[in-house]
file target.cif (mmCIF, C-alpha atoms)
data_run
#
loop_
_atom_site.label_atom_id
_atom_site.label_comp_id
_atom_site.auth_asym_id
_atom_site.auth_seq_id
_atom_site.Cartn_x
_atom_site.Cartn_y
_atom_site.Cartn_z
CA TYR A 1274 115.87 81.05 86.44
CA LEU A 1275 118.68 80.68 83.95
CA ALA A 1276 118.80 76.99 83.08
CA SER A 1277 118.19 77.84 79.44
CA CYS A 1278 121.41 79.86 79.24
CA THR A 1279 124.52 78.06 78.16
CA LYS A 1280 128.07 79.35 78.13
CA ASP A 1281 127.84 80.01 74.40
CA SER A 1282 124.55 81.89 74.47
CA GLU A 1283 125.07 84.20 77.44
CA SER A 1284 123.61 87.59 76.69
CA ALA A 1285 125.53 90.80 77.13
CA ASN A 1286 123.12 91.79 79.95
CA LEU A 1287 123.70 88.48 81.76
CA LYS A 1288 127.46 89.01 81.67
CA LEU A 1289 127.17 92.66 82.75
CA LEU A 1290 124.89 91.75 85.66
CA THR A 1291 126.59 88.59 86.95
CA GLU A 1292 130.31 89.22 86.57
CA PRO A 1293 130.85 92.03 89.10
CA VAL A 1294 129.94 92.37 92.75
CA TRP A 1295 127.72 95.45 93.03
CA VAL A 1296 127.78 97.90 95.95
CA SER A 1297 124.80 100.12 96.75
CA ASP A 1298 125.44 103.75 95.90
CA SER A 1299 122.05 105.41 96.19
CA LEU A 1300 118.82 103.93 97.60
CA LEU A 1301 115.89 106.30 97.18
CA ALA A 1302 112.20 105.96 98.06
CA ASP A 1303 110.00 108.78 96.75
CA GLY A 1304 113.14 110.82 96.08
CA SER A 1305 114.56 110.60 99.61
CA ASP A 1306 117.45 108.52 100.96
CA ALA A 1307 115.95 105.26 102.23
CA SER A 1308 119.17 103.45 103.18
CA GLY A 1309 119.41 104.64 106.79
CA PRO A 1310 118.57 102.55 109.87
CA THR A 1311 114.84 103.32 109.59
CA GLY A 1312 114.67 103.52 105.77
CA MET A 1313 112.54 101.06 103.83
CA LEU A 1314 115.58 100.09 101.68
CA LYS A 1315 118.07 99.66 104.55
CA ASN A 1316 118.31 95.90 103.91
CA PHE A 1317 119.37 96.47 100.28
CA LYS A 1318 122.40 98.49 101.46
CA GLY A 1319 125.77 96.86 100.90
CA GLU A 1320 126.83 94.32 98.32
CA ALA A 1321 124.66 92.62 95.71
CA LYS A 1322 125.74 89.57 93.73
CA PHE A 1323 123.69 88.09 90.91
CA ASN A 1324 124.89 84.54 90.23
CA LYS A 1325 124.47 82.96 86.81
CA ASP A 1326 122.48 80.07 88.32
CA GLY A 1327 119.71 82.48 89.36
CA THR A 1328 120.67 82.71 93.03
CA GLY A 1329 122.07 85.76 94.71
CA ASN A 1330 122.38 88.08 97.63
CA PHE A 1331 121.01 91.59 97.57
CA GLY A 1332 122.21 93.52 100.61
CA SER A 1333 121.04 91.41 103.55
CA TYR A 1334 118.53 89.48 101.40
CA VAL A 1335 119.30 86.04 99.99
CA GLY A 1336 117.13 84.62 97.26
CA THR A 1337 116.70 84.07 93.56
CA TRP A 1338 116.49 86.38 90.59
CA ARG A 1339 115.55 86.21 86.94
CA PHE A 1340 115.29 88.47 83.94
CA ALA A 1341 111.84 89.37 82.61
CA PHE A 1342 110.52 91.21 79.54
CA ASN A 1343 113.47 90.62 77.20
CA GLU A 1344 116.00 91.35 79.96
CA THR A 1345 114.63 94.85 80.65
CA GLN A 1346 113.50 93.83 84.15
CA ILE A 1347 114.95 91.91 87.08
CA VAL A 1348 112.64 89.98 89.42
CA ILE A 1349 114.06 89.29 92.91
CA ILE A 1350 112.41 86.72 95.18
CA SER A 1351 113.43 86.24 98.80
CA ASP A 1352 111.75 84.60 101.79
CA SER A 1353 112.58 87.85 103.64
CA LEU A 1354 110.46 89.97 101.27
CA PRO A 1355 106.64 89.99 101.51
CA ILE A 1356 106.28 89.96 97.70
CA PRO A 1357 108.74 89.64 94.80
CA VAL A 1358 110.49 92.83 93.73
CA THR A 1359 110.17 93.49 89.99
CA THR A 1360 112.55 96.21 88.89
CA LYS A 1361 112.98 97.97 85.56
CA ILE A 1362 116.60 98.24 84.43
CA ALA A 1363 117.28 101.95 83.83
CA GLU A 1364 121.02 101.42 83.23
CA LEU A 1365 123.33 98.42 83.09
CA THR A 1366 126.99 99.01 82.20
CA THR A 1367 130.31 97.61 83.36
CA ALA A 1368 130.37 100.24 86.12
CA SER A 1369 126.74 101.03 86.95
CA LEU A 1370 123.42 99.30 87.65
CA LYS A 1371 120.34 101.47 88.09
CA VAL A 1372 116.89 99.98 88.68
CA THR A 1373 113.49 101.51 89.38
CA THR A 1374 110.28 100.04 90.76
CA SER A 1375 107.18 100.75 92.80
CA TYR A 1376 106.78 98.83 96.04
CA PRO A 1377 104.21 98.85 98.84
CA ASN A 1378 105.17 101.43 101.42
CA PRO A 1379 105.07 99.87 104.90
CA VAL A 1380 104.22 103.27 106.40
CA ASN A 1381 101.37 103.91 103.94
CA PRO A 1382 100.32 100.64 102.24
CA ALA A 1383 97.72 102.42 100.07
CA ALA A 1384 100.44 104.39 98.28
CA ALA A 1385 103.28 102.54 96.59
CA ALA A 1386 106.69 104.11 97.03
CA LYS A 1387 108.68 104.98 93.92
CA ILE A 1388 112.05 103.27 94.35
CA ARG A 1389 115.35 103.98 92.59
CA MET A 1390 118.40 101.92 93.47
CA THR A 1391 121.84 102.63 92.06
CA PHE A 1392 124.80 100.28 92.39
CA LYS A 1393 128.45 100.59 91.35
CA THR A 1394 130.93 97.80 90.77
CA LYS A 1395 133.10 96.88 93.72
#
call {"tool": "encode", "arguments": {"input": "target.cif", "output": "structure tokens"}}
result
Amino acid sequence: YLASCTKDSESANLKLLTEPVWVSDSLLADGSDASGPTGMLKNFKGEAKFNKDGTGNFGSYVGTWRFAFNETQIVIISDSLPIPVTTKIAELTTASLKVTTSYPNPVNPAAAAKIRMTFKTK
């Protein structure tokens, strides 16, 4: 939720994240490609757009997002996701967005999958 951000006080991370349209490049769960038709990250494949008003689309998901922990994390909330996704920003540049997280594995709920998603600018 970005109501506290004004045009004059936009952070560098906010500009880097919200100005481009991102396209998924690599979607890994436990080190394996998870973007295929049966992969747990298949719905994150495609374009992602983080709007400055805190809304966005993330592959086939539509929802809201916000920064957390001094803009080192992104929290994505969507009615299509069972729980919010809290990701750690591993890299955020004008050309690359890399995030990591752990998320419940639908195949084995007792063991969270280690997720790494990489996006490039469109």
call {"tool": "closest_residue", "arguments": {"input": "target.cif", "among": "A:Asn1286, A:Thr1345, A:Ser1333, A:Ser1369", "to": "A:Leu1314", "atoms": "all atoms listed in the file"}}
result
A:Ser1333
call {"tool": "atom_distance", "arguments": {"input": "target.cif", "atom1": "atom CA of A:Val1348", "atom2": "atom CA of A:Gly1312"}}
result
21.3 Å
call {"tool": "closest_residue", "arguments": {"input": "target.cif", "among": "A:Ile1362, A:Val1296, A:Val1372, A:Ala1383", "to": "A:Asn1343", "atoms": "all atoms listed in the file"}}
result
A:Ile1362
call {"tool": "atom_distance", "arguments": {"input": "target.cif", "atom1": "atom CA of A:Leu1301", "atom2": "atom CA of A:Lys1387"}}
result
8.0 Å
call {"tool": "resolve_selection", "arguments": {"input": "target.cif", "expression": "the PyMOL selection byres ((chain A and resi 1329) around 12)", "output": "NGL selection string"}}
result
:A and (1274 or 1290-1291 or 1294-1295 or 1320-1328 or 1330-1339 or 1348-1351)
call {"tool": "residues_around", "arguments": {"input": "target.cif", "residues": "A:Gly1304", "least_positions_apart": "4", "cutoff": "10 Å", "atoms": "only C-alpha atoms", "output": "ChimeraX atom specification"}}
result
/A:1300,1386-1389
call {"tool": "resolve_selection", "arguments": {"input": "target.cif", "expression": "the PyMOL selection byres ((chain A and resi 1298) around 9)", "output": "PDB file with C-alpha atoms, in the frame of the given file"}}
result
ATOM      1  CA  VAL A1296     127.780  97.900  95.950  1.00  0.00           C
ATOM      2  CA  SER A1297     124.800 100.120  96.750  1.00  0.00           C
ATOM      3  CA  SER A1299     122.050 105.410  96.190  1.00  0.00           C
ATOM      4  CA  LEU A1300     118.820 103.930  97.600  1.00  0.00           C
ATOM      5  CA  LYS A1318     122.400  98.490 101.460  1.00  0.00           C
ATOM      6  CA  GLY A1319     125.770  96.860 100.900  1.00  0.00           C
ATOM      7  CA  MET A1390     118.400 101.920  93.470  1.00  0.00           C
ATOM      8  CA  THR A1391     121.840 102.630  92.060  1.00  0.00           C
ATOM      9  CA  PHE A1392     124.800 100.280  92.390  1.00  0.00           C
ATOM     10  CA  LYS A1393     128.450 100.590  91.350  1.00  0.00           C
TER      11      LYS A1393
END
call {"tool": "atom_distance", "arguments": {"input": "target.cif", "atom1": "atom CA of A:Asn1381", "atom2": "atom CA of A:Glu1364"}}
result
28.7 Å
call {"tool": "closest_residue", "arguments": {"input": "target.cif", "among": "A:Ser1282, A:Thr1394, A:Thr1360, A:Ser1305", "to": "A:Thr1374", "atoms": "all atoms listed in the file"}}
result
A:Thr1360
call {"tool": "decode", "arguments": {"input": "target.cif", "residues": "stretch 1292-1386 of chain A", "atoms": "C-alpha atoms", "output": "PDB file, in the first residue's frame"}}
result
ATOM      1  CA  GLU A1292       8.244   1.734 -14.296  1.00  0.00           C
ATOM      2  CA  PRO A1293       8.839  -1.335 -16.500  1.00  0.00           C
ATOM      3  CA  VAL A1294       6.637  -4.255 -17.432  1.00  0.00           C
ATOM      4  CA  TRP A1295       8.458  -7.389 -16.284  1.00  0.00           C
ATOM      5  CA  VAL A1296       8.466 -10.705 -18.168  1.00  0.00           C
ATOM      6  CA  SER A1297       9.193 -13.999 -16.415  1.00  0.00           C
ATOM      7  CA  ASP A1298      12.578 -15.407 -17.348  1.00  0.00           C
ATOM      8  CA  SER A1299      13.151 -18.235 -14.883  1.00  0.00           C
ATOM      9  CA  LEU A1300      10.653 -19.726 -12.409  1.00  0.00           C
ATOM     10  CA  LEU A1301      12.277 -22.329 -10.174  1.00  0.00           C
ATOM     11  CA  ALA A1302      10.920 -24.426  -7.302  1.00  0.00           C
ATOM     12  CA  ASP A1303      13.556 -26.401  -5.396  1.00  0.00           C
ATOM     13  CA  GLY A1304      15.999 -25.747  -8.250  1.00  0.00           C
ATOM     14  CA  SER A1305      13.785 -27.140 -11.027  1.00  0.00           C
ATOM     15  CA  ASP A1306      11.788 -25.324 -13.700  1.00  0.00           C
ATOM     16  CA  ALA A1307       8.286 -24.817 -12.291  1.00  0.00           C
ATOM     17  CA  SER A1308       6.786 -22.752 -15.137  1.00  0.00           C
ATOM     18  CA  GLY A1309       5.431 -25.632 -17.223  1.00  0.00           C
ATOM     19  CA  PRO A1310       1.756 -26.663 -17.448  1.00  0.00           C
ATOM     20  CA  THR A1311       1.972 -28.745 -14.247  1.00  0.00           C
ATOM     21  CA  GLY A1312       4.521 -26.561 -12.417  1.00  0.00           C
ATOM     22  CA  MET A1313       3.584 -24.831  -9.175  1.00  0.00           C
ATOM     23  CA  LEU A1314       4.668 -21.453 -10.635  1.00  0.00           C
ATOM     24  CA  LYS A1315       2.881 -21.790 -13.996  1.00  0.00           C
ATOM     25  CA  ASN A1316       0.480 -18.950 -13.131  1.00  0.00           C
ATOM     26  CA  PHE A1317       3.382 -16.530 -12.534  1.00  0.00           C
ATOM     27  CA  LYS A1318       4.610 -17.080 -16.114  1.00  0.00           C
ATOM     28  CA  GLY A1319       4.227 -14.110 -18.442  1.00  0.00           C
ATOM     29  CA  GLU A1320       4.103 -10.423 -17.656  1.00  0.00           C
ATOM     30  CA  ALA A1321       4.155  -8.771 -14.246  1.00  0.00           C
ATOM     31  CA  LYS A1322       3.272  -5.134 -13.645  1.00  0.00           C
ATOM     32  CA  PHE A1323       3.645  -3.430 -10.282  1.00  0.00           C
ATOM     33  CA  ASN A1324       1.565  -0.234 -10.271  1.00  0.00           C
ATOM     34  CA  LYS A1325       2.489   2.682  -8.025  1.00  0.00           C
ATOM     35  CA  ASP A1326      -0.958   2.581  -6.378  1.00  0.00           C
ATOM     36  CA  GLY A1327      -0.204  -0.882  -4.947  1.00  0.00           C
ATOM     37  CA  THR A1328      -2.228  -2.863  -7.493  1.00  0.00           C
ATOM     38  CA  GLY A1329      -0.776  -5.133 -10.106  1.00  0.00           C
ATOM     39  CA  ASN A1330      -0.835  -8.250 -12.179  1.00  0.00           C
ATOM     40  CA  PHE A1331       1.658 -11.034 -11.701  1.00  0.00           C
ATOM     41  CA  GLY A1332       1.363 -13.558 -14.516  1.00  0.00           C
ATOM     42  CA  SER A1333      -2.281 -14.646 -14.391  1.00  0.00           C
ATOM     43  CA  TYR A1334      -2.744 -13.301 -10.838  1.00  0.00           C
ATOM     44  CA  VAL A1335      -4.336  -9.927 -10.143  1.00  0.00           C
ATOM     45  CA  GLY A1336      -3.995  -8.366  -6.733  1.00  0.00           C
ATOM     46  CA  THR A1337      -2.122  -5.928  -4.571  1.00  0.00           C
ATOM     47  CA  TRP A1338       1.487  -5.602  -3.536  1.00  0.00           C
ATOM     48  CA  ARG A1339       3.546  -3.658  -1.035  1.00  0.00           C
ATOM     49  CA  PHE A1340       7.125  -3.309   0.068  1.00  0.00           C
ATOM     50  CA  ALA A1341       8.140  -4.665   3.474  1.00  0.00           C
ATOM     51  CA  PHE A1342      11.293  -4.518   5.621  1.00  0.00           C
ATOM     52  CA  ASN A1343      12.772  -1.289   4.237  1.00  0.00           C
ATOM     53  CA  GLU A1344      11.947  -2.260   0.645  1.00  0.00           C
ATOM     54  CA  THR A1345      13.947  -5.507   0.793  1.00  0.00           C
ATOM     55  CA  GLN A1346      10.781  -7.602   0.403  1.00  0.00           C
ATOM     56  CA  ILE A1347       7.678  -7.554  -1.773  1.00  0.00           C
ATOM     57  CA  VAL A1348       4.389  -8.926  -0.424  1.00  0.00           C
ATOM     58  CA  ILE A1349       1.851 -10.002  -3.086  1.00  0.00           C
ATOM     59  CA  ILE A1350      -1.781 -10.610  -2.141  1.00  0.00           C
ATOM     60  CA  SER A1351      -4.303 -12.098  -4.561  1.00  0.00           C
ATOM     61  CA  ASP A1352      -7.691 -13.751  -4.105  1.00  0.00           C
ATOM     62  CA  SER A1353      -6.286 -16.518  -6.348  1.00  0.00           C
ATOM     63  CA  LEU A1354      -3.492 -17.362  -3.884  1.00  0.00           C
ATOM     64  CA  PRO A1355      -4.195 -19.341  -0.689  1.00  0.00           C
ATOM     65  CA  ILE A1356      -1.839 -17.117   1.358  1.00  0.00           C
ATOM     66  CA  PRO A1357       0.125 -13.931   0.604  1.00  0.00           C
ATOM     67  CA  VAL A1358       3.480 -14.404  -1.111  1.00  0.00           C
ATOM     68  CA  THR A1359       6.312 -12.632   0.720  1.00  0.00           C
ATOM     69  CA  THR A1360       9.431 -12.491  -1.418  1.00  0.00           C
ATOM     70  CA  LYS A1361      12.941 -11.289  -0.657  1.00  0.00           C
ATOM     71  CA  ILE A1362      14.404  -9.034  -3.344  1.00  0.00           C
ATOM     72  CA  ALA A1363      17.693 -10.628  -4.439  1.00  0.00           C
ATOM     73  CA  GLU A1364      18.228  -8.154  -7.300  1.00  0.00           C
ATOM     74  CA  LEU A1365      16.384  -5.104  -8.611  1.00  0.00           C
ATOM     75  CA  THR A1366      17.938  -3.174 -11.500  1.00  0.00           C
ATOM     76  CA  THR A1367      16.630  -1.452 -14.616  1.00  0.00           C
ATOM     77  CA  ALA A1368      16.881  -4.782 -16.464  1.00  0.00           C
ATOM     78  CA  SER A1369      16.410  -7.516 -13.856  1.00  0.00           C
ATOM     79  CA  LEU A1370      14.159  -8.455 -10.934  1.00  0.00           C
ATOM     80  CA  LYS A1371      15.064 -11.545  -8.913  1.00  0.00           C
ATOM     81  CA  VAL A1372      13.057 -12.628  -5.873  1.00  0.00           C
ATOM     82  CA  THR A1373      13.266 -15.634  -3.564  1.00  0.00           C
ATOM     83  CA  THR A1374      10.801 -17.113  -1.093  1.00  0.00           C
ATOM     84  CA  SER A1375       9.574 -20.305   0.522  1.00  0.00           C
ATOM     85  CA  TYR A1376       6.002 -21.321  -0.195  1.00  0.00           C
ATOM     86  CA  PRO A1377       3.852 -24.309   0.766  1.00  0.00           C
ATOM     87  CA  ASN A1378       4.308 -27.062  -1.776  1.00  0.00           C
ATOM     88  CA  PRO A1379       0.888 -28.325  -2.931  1.00  0.00           C
ATOM     89  CA  VAL A1380       2.389 -31.772  -3.589  1.00  0.00           C
ATOM     90  CA  ASN A1381       4.017 -31.987  -0.144  1.00  0.00           C
ATOM     91  CA  PRO A1382       2.470 -29.393   2.229  1.00  0.00           C
ATOM     92  CA  ALA A1383       4.810 -30.374   5.084  1.00  0.00           C
ATOM     93  CA  ALA A1384       7.844 -29.179   3.120  1.00  0.00           C
ATOM     94  CA  ALA A1385       7.937 -25.630   1.815  1.00  0.00           C
ATOM     95  CA  ALA A1386       9.352 -25.257  -1.674  1.00  0.00           C
TER      96      ALA A1386
END
